[in-house]
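Colleague: Provided below: model_24.tsv, containing TSV, C-alpha atoms.
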chain	number	residue	atom	x	y	z
A	284	MET	CA	2.29	5.61	23.57
A	285	ILE	CA	-0.28	7.05	25.97
A	286	LYS	CA	-1.85	10.03	24.26
A	287	ILE	CA	-4.91	12.08	24.93
A	288	ARG	CA	-6.27	13.60	21.78
A	289	VAL	CA	-9.10	15.99	21.17
A	290	ARG	CA	-11.59	14.39	18.84
A	291	ARG	CA	-12.33	16.62	15.90
A	292	LEU	CA	-14.92	14.42	14.29
A	293	ASN	CA	-18.13	13.07	15.60
A	294	TRP	CA	-16.56	9.70	16.26
A	295	ASP	CA	-18.55	7.03	17.97
A	296	THR	CA	-18.31	7.79	21.68
A	297	SER	CA	-16.68	4.42	22.32
A	298	VAL	CA	-13.51	5.53	20.53
A	299	VAL	CA	-10.50	5.20	22.81
A	300	THR	CA	-8.15	8.18	22.98
A	301	ASP	CA	-6.06	7.10	26.01
A	302	HIS	CA	-4.47	4.12	24.34
A	303	GLY	CA	-2.19	2.37	26.82
A	304	LEU	CA	-1.06	0.04	24.04
A	305	HIS	CA	2.29	-1.64	24.70
A	306	TYR	CA	1.95	-5.35	23.92
A	307	PHE	CA	-0.39	-7.71	22.11
A	308	ASP	CA	-2.25	-8.32	25.38
A	309	ASP	CA	-3.41	-4.69	25.45
A	310	TYR	CA	-5.47	-4.75	22.24
A	311	VAL	CA	-9.15	-5.41	22.81
A	312	PRO	CA	-11.15	-6.74	19.85
A	313	GLY	CA	-14.05	-4.45	19.06
A	314	THR	CA	-12.27	-1.36	20.35
A	315	THR	CA	-11.67	1.62	18.07
A	316	TYR	CA	-8.57	3.74	18.68
A	317	ASP	CA	-8.26	7.34	17.48
A	318	CYS	CA	-4.87	7.49	15.75
A	319	GLY	CA	-4.48	11.19	15.06
A	320	SER	CA	-4.65	13.26	11.93
A	321	VAL	CA	-2.44	14.58	9.16
A	322	THR	CA	-2.80	17.41	6.66
A	323	VAL	CA	-1.54	16.87	3.09
A	324	SER	CA	0.08	19.64	1.07
A	325	GLU	CA	0.23	19.99	-2.71
A	326	ALA	CA	4.04	20.03	-2.56
A	327	GLU	CA	4.08	16.72	-0.70
A	328	ILE	CA	1.59	15.15	-3.09
A	329	ILE	CA	3.77	16.11	-6.06
A	330	SER	CA	7.02	15.11	-4.34
A	331	PHE	CA	5.83	11.63	-3.37
A	332	ALA	CA	4.24	10.94	-6.74
A	333	THR	CA	7.21	12.24	-8.71
A	334	ARG	CA	9.28	9.57	-7.01
A	335	PHE	CA	6.80	6.69	-6.87
A	336	ASP	CA	3.63	7.26	-8.90
A	337	PRO	CA	4.27	9.86	-11.62
A	338	GLN	CA	0.85	9.81	-13.25
A	339	PRO	CA	-0.31	13.22	-14.57
A	340	PHE	CA	-3.15	13.58	-12.05
A	341	HIS	CA	-0.64	13.14	-9.18
A	342	VAL	CA	2.27	15.30	-10.38
A	343	ASP	CA	1.04	17.99	-12.80
A	344	PRO	CA	-1.59	20.46	-11.50
A	345	LEU	CA	-2.35	21.82	-14.98
A	346	ALA	CA	-2.77	18.43	-16.60
A	347	ALA	CA	-4.69	17.25	-13.54
A	348	ALA	CA	-7.17	20.13	-13.87
A	349	HIS	CA	-8.19	18.69	-17.24
A	350	GLY	CA	-7.86	15.07	-16.12
A	351	PRO	CA	-10.29	12.50	-14.73
A	352	PHE	CA	-10.39	13.99	-11.21
A	353	GLY	CA	-10.66	17.69	-12.16
A	354	GLY	CA	-7.53	18.52	-10.18
A	355	LEU	CA	-4.48	17.14	-8.46
A	356	ILE	CA	-5.04	14.16	-6.16
A	357	ALA	CA	-2.66	12.23	-3.92
A	358	SER	CA	-1.37	8.83	-4.96
A	359	GLY	CA	-3.26	6.18	-3.04
A	360	TRP	CA	0.14	4.90	-1.90
A	361	HIS	CA	0.97	8.34	-0.50
A	362	THR	CA	-2.31	8.43	1.42
A	363	THR	CA	-1.61	4.94	2.73
A	364	ALA	CA	1.94	5.86	3.77
A	365	LEU	CA	0.65	8.93	5.65
A	366	VAL	CA	-1.88	6.75	7.45
A	367	MET	CA	0.90	4.28	8.32
A	368	ARG	CA	2.83	7.09	9.98
A	369	GLU	CA	-0.14	7.82	12.24
A	370	LEU	CA	-0.48	4.14	13.09
A	371	VAL	CA	3.21	3.85	13.99
A	372	GLU	CA	2.93	6.89	16.25
A	373	ASN	CA	-0.38	6.02	17.86
A	374	TYR	CA	-1.18	2.33	17.51
A	375	LEU	CA	1.86	0.07	16.88
A	376	PRO	CA	4.32	0.33	19.78
A	377	ALA	CA	8.01	-0.08	18.87
A	378	GLU	CA	8.55	-2.48	21.76
A	379	ALA	CA	5.96	-4.93	20.46
A	380	SER	CA	5.71	-4.61	16.67
A	381	LEU	CA	7.06	-7.60	14.76
A	382	GLY	CA	5.99	-6.50	11.29
A	383	SER	CA	3.10	-7.33	9.02
A	384	PRO	CA	2.56	-10.12	6.48
A	385	GLY	CA	0.11	-8.00	4.50
A	386	VAL	CA	-3.08	-6.05	4.07
A	387	ASP	CA	-6.48	-6.95	2.62
A	388	GLU	CA	-9.25	-4.95	1.00
A	389	LEU	CA	-7.22	-1.76	0.64
A	390	ARG	CA	-9.56	0.87	-0.81
A	391	TRP	CA	-9.36	4.54	-1.81
A	392	PRO	CA	-13.06	5.39	-2.14
A	393	TYR	CA	-12.66	9.17	-2.41
A	394	PRO	CA	-9.78	11.33	-3.69
A	395	VAL	CA	-7.34	13.12	-1.38
A	396	ARG	CA	-6.71	16.69	-2.53
A	397	PRO	CA	-4.17	19.34	-1.48
A	398	GLY	CA	-5.00	20.77	1.95
A	399	ASP	CA	-7.12	17.82	3.05
A	400	THR	CA	-6.84	16.75	6.69
A	401	LEU	CA	-7.14	13.01	7.22
A	402	HIS	CA	-8.27	11.56	10.54
A	403	VAL	CA	-7.13	8.01	11.18
A	404	ARG	CA	-8.78	5.40	13.33
A	405	ALA	CA	-8.12	1.73	13.92
A	406	THR	CA	-10.52	-0.95	15.14
A	407	VAL	CA	-9.19	-4.28	16.41
A	408	THR	CA	-11.24	-6.95	14.64
A	409	GLU	CA	-9.33	-10.10	15.65
A	410	ALA	CA	-6.57	-10.94	18.13
A	411	ARG	CA	-5.24	-14.42	18.80
A	412	ARG	CA	-2.03	-15.92	20.20
A	413	SER	CA	0.22	-17.56	17.63
A	414	GLU	CA	0.18	-21.36	17.84
A	415	SER	CA	3.64	-21.78	16.29
A	416	LYS	CA	5.43	-18.84	17.97
A	417	PRO	CA	4.50	-18.38	21.63
A	418	ASP	CA	6.17	-14.97	21.90
A	419	ARG	CA	3.57	-13.26	19.76
A	420	GLY	CA	-0.03	-12.66	18.80
A	421	ILE	CA	-1.66	-12.10	15.43
A	422	MET	CA	-3.97	-9.11	15.18
A	423	LYS	CA	-6.26	-7.84	12.47
A	424	THR	CA	-7.20	-4.18	12.34
A	425	ALA	CA	-9.78	-2.31	10.30
A	426	ILE	CA	-8.09	0.97	9.40
A	427	GLU	CA	-10.01	4.00	8.20
A	428	ALA	CA	-8.97	7.50	7.15
A	429	VAL	CA	-11.69	10.15	6.92
A	430	ASN	CA	-11.25	13.66	5.53
A	431	GLN	CA	-12.40	16.98	7.02
A	432	ASP	CA	-15.80	16.57	5.34
A	433	GLY	CA	-16.41	13.12	6.80
A	434	ARG	CA	-15.62	11.25	3.58
A	435	THR	CA	-13.72	8.01	3.89
A	436	VAL	CA	-10.61	8.32	1.71
A	437	MET	CA	-8.89	5.07	2.68
A	438	ARG	CA	-9.70	1.83	4.40
A	439	ALA	CA	-8.02	-1.54	4.76
A	440	ILE	CA	-7.74	-4.64	6.91
A	441	ALA	CA	-4.17	-4.99	8.19
A	442	THR	CA	-2.58	-8.01	9.83
A	443	ASN	CA	0.15	-7.41	12.42
A	444	PHE	CA	2.39	-9.57	14.55
A	445	LEU	CA	2.88	-8.21	18.07
A	446	ARG	CA	4.94	-9.41	21.02
A	447	VAL	CA	3.01	-10.62	24.03
A	448	ARG	CA	3.87	-8.98	27.34
A	449	PRO	CA	7.08	-10.43	28.76
A	450	GLY	CA	6.30	-12.60	31.77
A	451	GLY	CA	2.63	-12.57	30.93
A	452	PRO	CA	0.32	-15.60	31.07
A	453	ALA	CA	1.00	-18.56	28.79
A	454	PRO	CA	-1.37	-19.10	25.87
A	455	GLU	CA	-4.56	-20.93	26.65
A	456	ALA	CA	-4.32	-24.64	25.95
B	233	MET	CA	5.41	2.35	-23.61
B	234	ILE	CA	7.06	-0.11	-25.96
B	235	LYS	CA	10.12	-1.47	-24.23
B	236	ILE	CA	12.32	-4.43	-24.83
B	237	ARG	CA	13.90	-5.66	-21.65
B	238	VAL	CA	16.43	-8.37	-21.04
B	239	ARG	CA	14.95	-10.94	-18.73
B	240	ARG	CA	17.21	-11.54	-15.76
B	241	LEU	CA	15.13	-14.21	-14.14
B	242	ASN	CA	13.96	-17.49	-15.46
B	243	TRP	CA	10.52	-16.11	-16.15
B	244	ASP	CA	7.94	-18.23	-17.85
B	245	THR	CA	8.71	-17.99	-21.56
B	246	SER	CA	5.26	-16.54	-22.23
B	247	VAL	CA	6.21	-13.28	-20.49
B	248	VAL	CA	5.72	-10.30	-22.79
B	249	THR	CA	8.57	-7.80	-22.98
B	250	ASP	CA	7.37	-5.78	-26.02
B	251	HIS	CA	4.30	-4.32	-24.37
B	252	GLY	CA	2.41	-2.16	-26.84
B	253	LEU	CA	0.03	-1.11	-24.06
B	254	HIS	CA	-1.83	2.13	-24.74
B	255	TYR	CA	-5.52	1.58	-23.93
B	256	PHE	CA	-7.74	-0.88	-22.10
B	257	ASP	CA	-8.26	-2.78	-25.36
B	258	ASP	CA	-4.57	-3.74	-25.45
B	259	TYR	CA	-4.52	-5.80	-22.23
B	260	VAL	CA	-4.98	-9.51	-22.78
B	261	PRO	CA	-6.19	-11.56	-19.80
B	262	GLY	CA	-3.73	-14.32	-19.01
B	263	THR	CA	-0.75	-12.40	-20.33
B	264	THR	CA	2.20	-11.61	-18.05
B	265	TYR	CA	4.14	-8.41	-18.67
B	266	ASP	CA	7.73	-7.91	-17.50
B	267	CYS	CA	7.69	-4.51	-15.77
B	268	GLY	CA	11.37	-3.90	-15.10
B	269	SER	CA	13.47	-3.96	-11.97
B	270	VAL	CA	14.66	-1.66	-9.20
B	271	THR	CA	17.51	-1.87	-6.70
B	272	VAL	CA	16.92	-0.63	-3.14
B	273	SER	CA	19.60	1.16	-1.13
B	274	GLU	CA	19.95	1.35	2.64
B	275	ALA	CA	19.79	5.16	2.48
B	276	GLU	CA	16.47	5.01	0.62
B	277	ILE	CA	15.04	2.45	3.02
B	278	ILE	CA	15.89	4.68	5.98
B	279	SER	CA	14.72	7.86	4.25
B	280	PHE	CA	11.30	6.48	3.30
B	281	ALA	CA	10.71	4.86	6.68
B	282	THR	CA	11.85	7.91	8.64
B	283	ARG	CA	9.05	9.82	6.94
B	284	PHE	CA	6.31	7.20	6.82
B	285	ASP	CA	7.06	4.07	8.84
B	286	PRO	CA	9.64	4.84	11.56
B	287	GLN	CA	9.78	1.43	13.20
B	288	PRO	CA	13.25	0.46	14.52
B	289	PHE	CA	13.76	-2.37	12.01
B	290	HIS	CA	13.16	0.11	9.12
B	291	VAL	CA	15.16	3.13	10.32
B	292	ASP	CA	17.92	2.07	12.75
B	293	PRO	CA	20.53	-0.41	11.44
B	294	LEU	CA	21.93	-1.11	14.92
B	295	ALA	CA	18.57	-1.70	16.55
B	296	ALA	CA	17.50	-3.71	13.49
B	297	ALA	CA	20.51	-6.02	13.81
B	298	HIS	CA	19.15	-7.11	17.20
B	299	GLY	CA	15.52	-6.99	16.09
B	300	PRO	CA	13.07	-9.55	14.71
B	301	PHE	CA	14.57	-9.57	11.19
B	302	GLY	CA	18.27	-9.64	12.13
B	303	GLY	CA	18.94	-6.48	10.14
B	304	LEU	CA	17.39	-3.51	8.43
B	305	ILE	CA	14.42	-4.23	6.12
B	306	ALA	CA	12.36	-1.96	3.88
B	307	SER	CA	8.90	-0.86	4.93
B	308	GLY	CA	6.36	-2.91	3.01
B	309	TRP	CA	4.89	0.41	1.87
B	310	HIS	CA	8.26	1.43	0.47
B	311	THR	CA	8.53	-1.84	-1.45
B	312	THR	CA	5.01	-1.34	-2.74
B	313	ALA	CA	5.73	2.25	-3.80
B	314	LEU	CA	8.86	1.14	-5.69
B	315	VAL	CA	6.81	-1.52	-7.47
B	316	MET	CA	4.20	1.11	-8.34
B	317	ARG	CA	6.88	3.19	-10.02
B	318	GLU	CA	7.78	0.26	-12.28
B	319	LEU	CA	4.12	-0.29	-13.10
B	320	VAL	CA	3.62	3.37	-14.02
B	321	GLU	CA	6.67	3.26	-16.29
B	322	ASN	CA	5.97	-0.11	-17.90
B	323	TYR	CA	2.33	-1.09	-17.52
B	324	LEU	CA	-0.08	1.82	-16.90
B	325	PRO	CA	0.03	4.29	-19.81
B	326	ALA	CA	-0.57	7.94	-18.92
B	327	GLU	CA	-3.02	8.34	-21.81
B	328	ALA	CA	-5.31	5.63	-20.47
B	329	SER	CA	-4.96	5.42	-16.69
B	330	LEU	CA	-8.03	6.60	-14.77
B	331	GLY	CA	-6.86	5.61	-11.31
B	332	SER	CA	-7.52	2.69	-9.01
B	333	PRO	CA	-10.26	2.00	-6.47
B	334	GLY	CA	-8.01	-0.34	-4.49
B	335	VAL	CA	-5.90	-3.42	-4.04
B	336	ASP	CA	-6.61	-6.86	-2.58
B	337	GLU	CA	-4.45	-9.50	-0.96
B	338	LEU	CA	-1.37	-7.30	-0.63
B	339	ARG	CA	1.39	-9.50	0.84
B	340	TRP	CA	5.04	-9.09	1.83
B	341	PRO	CA	6.08	-12.73	2.16
B	342	TYR	CA	9.84	-12.13	2.43
B	343	PRO	CA	11.85	-9.14	3.69
B	344	VAL	CA	13.49	-6.61	1.35
B	345	ARG	CA	17.03	-5.77	2.49
B	346	PRO	CA	19.53	-3.09	1.41
B	347	GLY	CA	21.01	-3.86	-2.01
B	348	ASP	CA	18.17	-6.14	-3.10
B	349	THR	CA	17.06	-5.93	-6.73
B	350	LEU	CA	13.35	-6.44	-7.26
B	351	HIS	CA	11.96	-7.66	-10.56
B	352	VAL	CA	8.35	-6.71	-11.19
B	353	ARG	CA	5.83	-8.51	-13.34
B	354	ALA	CA	2.12	-8.05	-13.92
B	355	THR	CA	-0.42	-10.60	-15.11
B	356	VAL	CA	-3.83	-9.45	-16.38
B	357	THR	CA	-6.36	-11.64	-14.59
B	358	GLU	CA	-9.62	-9.90	-15.59
B	359	ALA	CA	-10.61	-7.20	-18.07
B	360	ARG	CA	-14.18	-6.07	-18.73
B	361	ARG	CA	-15.84	-2.95	-20.14
B	362	SER	CA	-17.60	-0.79	-17.59
B	363	GLU	CA	-21.39	-1.02	-17.77
B	364	SER	CA	-21.99	2.40	-16.25
B	365	LYS	CA	-19.16	4.35	-17.93
B	366	PRO	CA	-18.67	3.43	-21.60
B	367	ASP	CA	-15.35	5.29	-21.88
B	368	ARG	CA	-13.50	2.78	-19.73
B	369	GLY	CA	-12.70	-0.77	-18.77
B	370	ILE	CA	-12.03	-2.35	-15.40
B	371	MET	CA	-8.93	-4.49	-15.15
B	372	LYS	CA	-7.53	-6.70	-12.43
B	373	THR	CA	-3.82	-7.45	-12.32
B	374	ALA	CA	-1.81	-9.93	-10.28
B	375	ILE	CA	1.38	-8.05	-9.38
B	376	GLU	CA	4.50	-9.81	-8.19
B	377	ALA	CA	7.95	-8.58	-7.16
B	378	VAL	CA	10.74	-11.14	-6.91
B	379	ASN	CA	14.24	-10.50	-5.52
B	380	GLN	CA	17.60	-11.46	-7.03
B	381	ASP	CA	17.38	-14.88	-5.35
B	382	GLY	CA	13.97	-15.67	-6.79
B	383	ARG	CA	12.07	-14.99	-3.57
B	384	THR	CA	8.72	-13.27	-3.87
B	385	VAL	CA	8.87	-10.14	-1.70
B	386	MET	CA	5.53	-8.59	-2.67
B	387	ARG	CA	2.34	-9.60	-4.39
B	388	ALA	CA	-1.12	-8.09	-4.74
B	389	ILE	CA	-4.25	-8.00	-6.87
B	390	ALA	CA	-4.79	-4.46	-8.17
B	391	THR	CA	-7.90	-3.04	-9.80
B	392	ASN	CA	-7.44	-0.29	-12.40
B	393	PHE	CA	-9.72	1.82	-14.53
B	394	LEU	CA	-8.41	2.37	-18.07
B	395	ARG	CA	-9.72	4.36	-21.03
B	396	VAL	CA	-10.84	2.36	-24.03
B	397	ARG	CA	-9.24	3.30	-27.34
B	398	PRO	CA	-10.89	6.44	-28.77
B	399	GLY	CA	-13.02	5.51	-31.76
B	400	GLY	CA	-12.74	1.84	-30.91
B	401	PRO	CA	-15.63	-0.61	-31.02
B	402	ALA	CA	-18.61	-0.11	-28.75
B	403	PRO	CA	-19.02	-2.47	-25.81
B	404	GLU	CA	-20.65	-5.78	-26.59
B	405	ALA	CA	-24.36	-5.77	-25.91
Would you write out, as structure tokens, the structure that this file holds?
Modeller:
Amino acid sequence: MIKIRVRRLNWDTSVVTDHGLHYFDDYVPGTTYDCGSVTVSEAEIISFATRFDPQPFHVDPLAAAHGPFGGLIASGWHTTALVMRELVENYLPAEASLGSPGVDELRWPYPVRPGDTLHVRATVTEARRSESKPDRGIMKTAIEAVNQDGRTVMRAIATNFLRVRPGGPAPEA
Amino acid sequence: MIKIRVRRLNWDTSVVTDHGLHYFDDYVPGTTYDCGSVTVSEAEIISFATRFDPQPFHVDPLAAAHGPFGGLIASGWHTTALVMRELVENYLPAEASLGSPGVDELRWPYPVRPGDTLHVRATVTEARRSESKPDRGIMKTAIEAVNQDGRTVMRAIATNFLRVRPGGPAPEA
């Protein structure tokens, strides 16, 4: 999970690129982690939407050209799934992740179009030990995906359960 | 978009199965629409998660058996995408849909496992004409997916933009 990445955007200089994230204990509230980037192709946009969100502006370039967005755009669920992939690879370690009960304030403020490159970052906003299950912590993360022009295309607040480090300190009383 | 569906669950008897949904004007706040059902296979769970959410409990049946859920479960994003498909087919008409700015309170309260059948329903909770764009309305929908045992596996509050009926009445002053 330790990755050094070249920053391609003018991120805030406090963004962490050497993550060292393995267990709940490693996440520091207030810290922003660079979680990599992904480029979206037209073929992928159409393929995903054909299966899951077959609205004309997601699956039919000709219809989309005359539709509300003036061209083909990715399903918001496709964008979100692509962002999830980056989070799994760069932010949620397999040894610690215990799933998620949900996400709040999921937004798609700007369309994702074929060829767009999305940069993903994650800011820990809350982290507390579970009171009922001492093996884990509960973390909230502000997720943001920004395109190559600096436009935010997706944001959300995710909740995740993460294992605490084995043999680590007991929760504070 | 007019479909008659046999109800397989003991839905509230006010659930609408003959939809007649074409434009914003057709959605009645307080009404619940049956939006069909979908069965999830192990192969699909693994395929989706391999691409978008490759955590062990989504992609590796053996690791998942010893993991936090005691077996393979679907990515929450996969569940949500499958629900979206039902909504596109049964609730969001192509002639009227103008996209979505986002979703609130997305929850996965119970795991989705291979072979589960998810029943989707949608309740209109708010519907108002746009003040800035007279061609459309803004609708909020409480979405719920329930498995074959009556357990809620997903819920959310979605916002959608929908065209008003062409030639219909002007917005109220």
Colleague: Return the single residue from A:Val321, A:Ala410, A:Val429, A:Ala326 that is closest to Tyr306 (chain A), with distances computed using all atoms listed in the file.
Modeller: A:Ala410
Colleague: As an exercise, work out the distance from CA of Thr315 (chain A) to CA of Ala281 (chain B) in Å and give it to one decimal place.
Modeller: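 Separation between CA of Thr315 (chain A) and CA of Ala281 (chain B): 25.3 Å.
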Colleague: Could you produce a table of the residues of chain B lying within 8 Å of chain A, with the nearest pair of atoms per residue and their separation in Å rounded to one decimal, using all atoms listed in the file, ordered by chain and increasing residue number, as a tab-separated table?
Modeller:
residue	atom	partner	partner_atom	distance
B:Arg283	CA	A:Arg368	CA	7.4
B:Phe284	CA	A:Arg368	CA	4.7
B:Asp285	CA	A:Arg368	CA	5.3
B:Pro286	CA	A:Val371	CA	6.9
B:Gln287	CA	A:Ala377	CA	6.1
B:Pro288	CA	A:Ala377	CA	6.8
B:Pro300	CA	A:Leu381	CA	6.3
B:Trp309	CA	A:Ala364	CA	6.5
B:Thr312	CA	A:Trp360	CA	8.0
B:Ala313	CA	A:Phe335	CA	5.5
B:Leu314	CA	A:Phe335	CA	6.0
B:Met316	CA	A:Asp336	CA	6.2
B:Arg317	CA	A:Phe335	CA	4.7
B:Val320	CA	A:Asp336	CA	6.4
B:Ala326	CA	A:Gln338	CA	6.1
B:Leu330	CA	A:Pro351	CA	6.3
B:Ser332	CA	A:Trp391	CA	7.7
B:Pro333	CA	A:Trp391	CA	5.4
B:Gly334	CA	A:Arg390	CA	4.2
B:Val335	CA	A:Leu389	CA	5.1
B:Asp336	CA	A:Glu388	CA	4.8
B:Glu337	CA	A:Asp387	CA	4.8
B:Leu338	CA	A:Val386	CA	5.2
B:Arg339	CA	A:Gly385	CA	4.2
B:Trp340	CA	A:Pro384	CA	5.4
B:Pro341	CA	A:Pro384	CA	6.2
Colleague: Work out how far apart CA of Ile278 (chain B) and CA of Phe444 (chain A) are and give it in Å to one decimal.
Modeller: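 So the answer is 21.4 Å.
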Colleague: How big is the axis-aligned box, and where does its centre sit, when it encloses all atoms of region 372-388 of chain B listed in the file and has 4 Å added on every side, reported in Å to one decimal as JSON?
Modeller:
{"center_x": 5.0, "center_y": -11.2, "center_z": -7.1, "size_x": 33.1, "size_y": 17.0, "size_z": 18.7}
Colleague: So, with only C-alpha atoms as the atoms that count, which of A:Arg419, A:Arg396, A:Arg446, A:Arg412 lies closest to Ala347 (chain A)?
Modeller: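 Looking only at the distances to Ala347 (chain A), the closest residue turns out to be A:Arg396.
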Colleague: Quick one: residues within 8 Å of Met422 (chain A), all atoms listed in the file, excluding same-chain residues fewer than 4 positions away - as a PyMOL selection string?
Modeller: chain A and resi 307+407-411+442-445
Colleague: Contacts of Thr400 (chain A) at 12 Å or less, counting only C-alpha atoms, minus same-chain residues fewer than 6 places along, as a list of chain:residue names?
Modeller: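 So the residues in contact are A:Arg291, A:Leu292, A:Gly319, A:Ser320, A:Val321, A:Thr322, A:Val323, A:Ser324, A:Thr362, A:Leu365, A:Val366, A:Ala428, A:Val429, A:Asn430, A:Gln431, A:Asp432, A:Gly433, A:Arg434, A:Thr435, A:Val436.
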Colleague: Keeping only C-alpha atoms, write the selected residues to a file as an mmCIF file, keeping the file's coordinate frame.
Modeller:
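The resulting result.cif:
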data_model
loop_
_atom_site.group_PDB
_atom_site.id
_atom_site.type_symbol
_atom_site.label_atom_id
_atom_site.label_comp_id
_atom_site.auth_asym_id
_atom_site.auth_seq_id
_atom_site.Cartn_x
_atom_site.Cartn_y
_atom_site.Cartn_z
ATOM 1 C CA ARG A 291 -12.330 16.620 15.900
ATOM 2 C CA LEU A 292 -14.920 14.420 14.290
ATOM 3 C CA GLY A 319 -4.480 11.190 15.060
ATOM 4 C CA SER A 320 -4.650 13.260 11.930
ATOM 5 C CA VAL A 321 -2.440 14.580 9.160
ATOM 6 C CA THR A 322 -2.800 17.410 6.660
ATOM 7 C CA VAL A 323 -1.540 16.870 3.090
ATOM 8 C CA SER A 324 0.080 19.640 1.070
ATOM 9 C CA THR A 362 -2.310 8.430 1.420
ATOM 10 C CA LEU A 365 0.650 8.930 5.650
ATOM 11 C CA VAL A 366 -1.880 6.750 7.450
ATOM 12 C CA ALA A 428 -8.970 7.500 7.150
ATOM 13 C CA VAL A 429 -11.690 10.150 6.920
ATOM 14 C CA ASN A 430 -11.250 13.660 5.530
ATOM 15 C CA GLN A 431 -12.400 16.980 7.020
ATOM 16 C CA ASP A 432 -15.800 16.570 5.340
ATOM 17 C CA GLY A 433 -16.410 13.120 6.800
ATOM 18 C CA ARG A 434 -15.620 11.250 3.580
ATOM 19 C CA THR A 435 -13.720 8.010 3.890
ATOM 20 C CA VAL A 436 -10.610 8.320 1.710
#
Colleague: Please report the interatomic distance between CA of Pro344 (chain A) and CA of Ala328 (chain B) in Å with one decimal.
Modeller: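 Going from CA of Pro344 (chain A) over to CA of Ala328 (chain B), I get 17.7 Å.
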Colleague: Rank B:Gly400, B:His351, B:Gly303, B:Ser362 by their smallest atom-to-atom distance to Asp266 (chain B), using all atoms listed in the file, and report the top residue only.
Modeller: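 For Asp266 (chain B), the nearest of the candidates is B:His351.
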Colleague: Could I see region 322-334 of chain A restored to N, CA, C and O atoms, set down as a PDB file, in the frame of the given file?
Modeller:
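Now in out_18.pdb:
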ATOM      1  N   THR A 322      -2.383  16.551   7.765  1.00  0.00           N
ATOM      2  CA  THR A 322      -2.800  17.410   6.660  1.00  0.00           C
ATOM      3  C   THR A 322      -1.807  17.252   5.504  1.00  0.00           C
ATOM      4  O   THR A 322      -0.599  17.186   5.715  1.00  0.00           O
ATOM      5  N   VAL A 323      -2.344  17.189   4.281  1.00  0.00           N
ATOM      6  CA  VAL A 323      -1.540  16.870   3.090  1.00  0.00           C
ATOM      7  C   VAL A 323      -1.388  18.124   2.251  1.00  0.00           C
ATOM      8  O   VAL A 323      -2.378  18.771   1.895  1.00  0.00           O
ATOM      9  N   SER A 324      -0.145  18.465   1.905  1.00  0.00           N
ATOM     10  CA  SER A 324       0.080  19.640   1.070  1.00  0.00           C
ATOM     11  C   SER A 324       0.256  19.261  -0.398  1.00  0.00           C
ATOM     12  O   SER A 324       0.605  18.126  -0.724  1.00  0.00           O
ATOM     13  N   GLU A 325       0.018  20.235  -1.282  1.00  0.00           N
ATOM     14  CA  GLU A 325       0.230  19.990  -2.710  1.00  0.00           C
ATOM     15  C   GLU A 325       1.683  19.614  -2.985  1.00  0.00           C
ATOM     16  O   GLU A 325       1.968  18.702  -3.764  1.00  0.00           O
ATOM     17  N   ALA A 326       2.616  20.322  -2.316  1.00  0.00           N
ATOM     18  CA  ALA A 326       4.040  20.030  -2.560  1.00  0.00           C
ATOM     19  C   ALA A 326       4.379  18.586  -2.199  1.00  0.00           C
ATOM     20  O   ALA A 326       5.121  17.909  -2.925  1.00  0.00           O
ATOM     21  N   GLU A 327       3.813  18.101  -1.101  1.00  0.00           N
ATOM     22  CA  GLU A 327       4.080  16.720  -0.700  1.00  0.00           C
ATOM     23  C   GLU A 327       3.460  15.724  -1.666  1.00  0.00           C
ATOM     24  O   GLU A 327       4.048  14.681  -1.969  1.00  0.00           O
ATOM     25  N   ILE A 328       2.258  16.037  -2.126  1.00  0.00           N
ATOM     26  CA  ILE A 328       1.590  15.150  -3.090  1.00  0.00           C
ATOM     27  C   ILE A 328       2.460  15.001  -4.333  1.00  0.00           C
ATOM     28  O   ILE A 328       2.706  13.883  -4.816  1.00  0.00           O
ATOM     29  N   ILE A 329       2.958  16.135  -4.836  1.00  0.00           N
ATOM     30  CA  ILE A 329       3.770  16.110  -6.060  1.00  0.00           C
ATOM     31  C   ILE A 329       5.114  15.419  -5.798  1.00  0.00           C
ATOM     32  O   ILE A 329       5.589  14.622  -6.616  1.00  0.00           O
ATOM     33  N   SER A 330       5.712  15.697  -4.650  1.00  0.00           N
ATOM     34  CA  SER A 330       7.020  15.110  -4.340  1.00  0.00           C
ATOM     35  C   SER A 330       6.943  13.588  -4.250  1.00  0.00           C
ATOM     36  O   SER A 330       7.755  12.869  -4.837  1.00  0.00           O
ATOM     37  N   PHE A 331       5.963  13.086  -3.511  1.00  0.00           N
ATOM     38  CA  PHE A 331       5.830  11.630  -3.370  1.00  0.00           C
ATOM     39  C   PHE A 331       5.572  11.004  -4.736  1.00  0.00           C
ATOM     40  O   PHE A 331       6.203  10.021  -5.125  1.00  0.00           O
ATOM     41  N   ALA A 332       4.633  11.565  -5.471  1.00  0.00           N
ATOM     42  CA  ALA A 332       4.240  10.940  -6.740  1.00  0.00           C
ATOM     43  C   ALA A 332       5.330  11.052  -7.797  1.00  0.00           C
ATOM     44  O   ALA A 332       5.478  10.158  -8.636  1.00  0.00           O
ATOM     45  N   THR A 333       6.095  12.119  -7.757  1.00  0.00           N
ATOM     46  CA  THR A 333       7.210  12.240  -8.710  1.00  0.00           C
ATOM     47  C   THR A 333       8.169  11.070  -8.534  1.00  0.00           C
ATOM     48  O   THR A 333       8.687  10.519  -9.505  1.00  0.00           O
ATOM     49  N   ARG A 334       8.358  10.667  -7.288  1.00  0.00           N
ATOM     50  CA  ARG A 334       9.280   9.570  -7.010  1.00  0.00           C
ATOM     51  C   ARG A 334       8.649   8.197  -7.278  1.00  0.00           C
ATOM     52  O   ARG A 334       9.309   7.301  -7.793  1.00  0.00           O
TER      53      ARG A 334
END
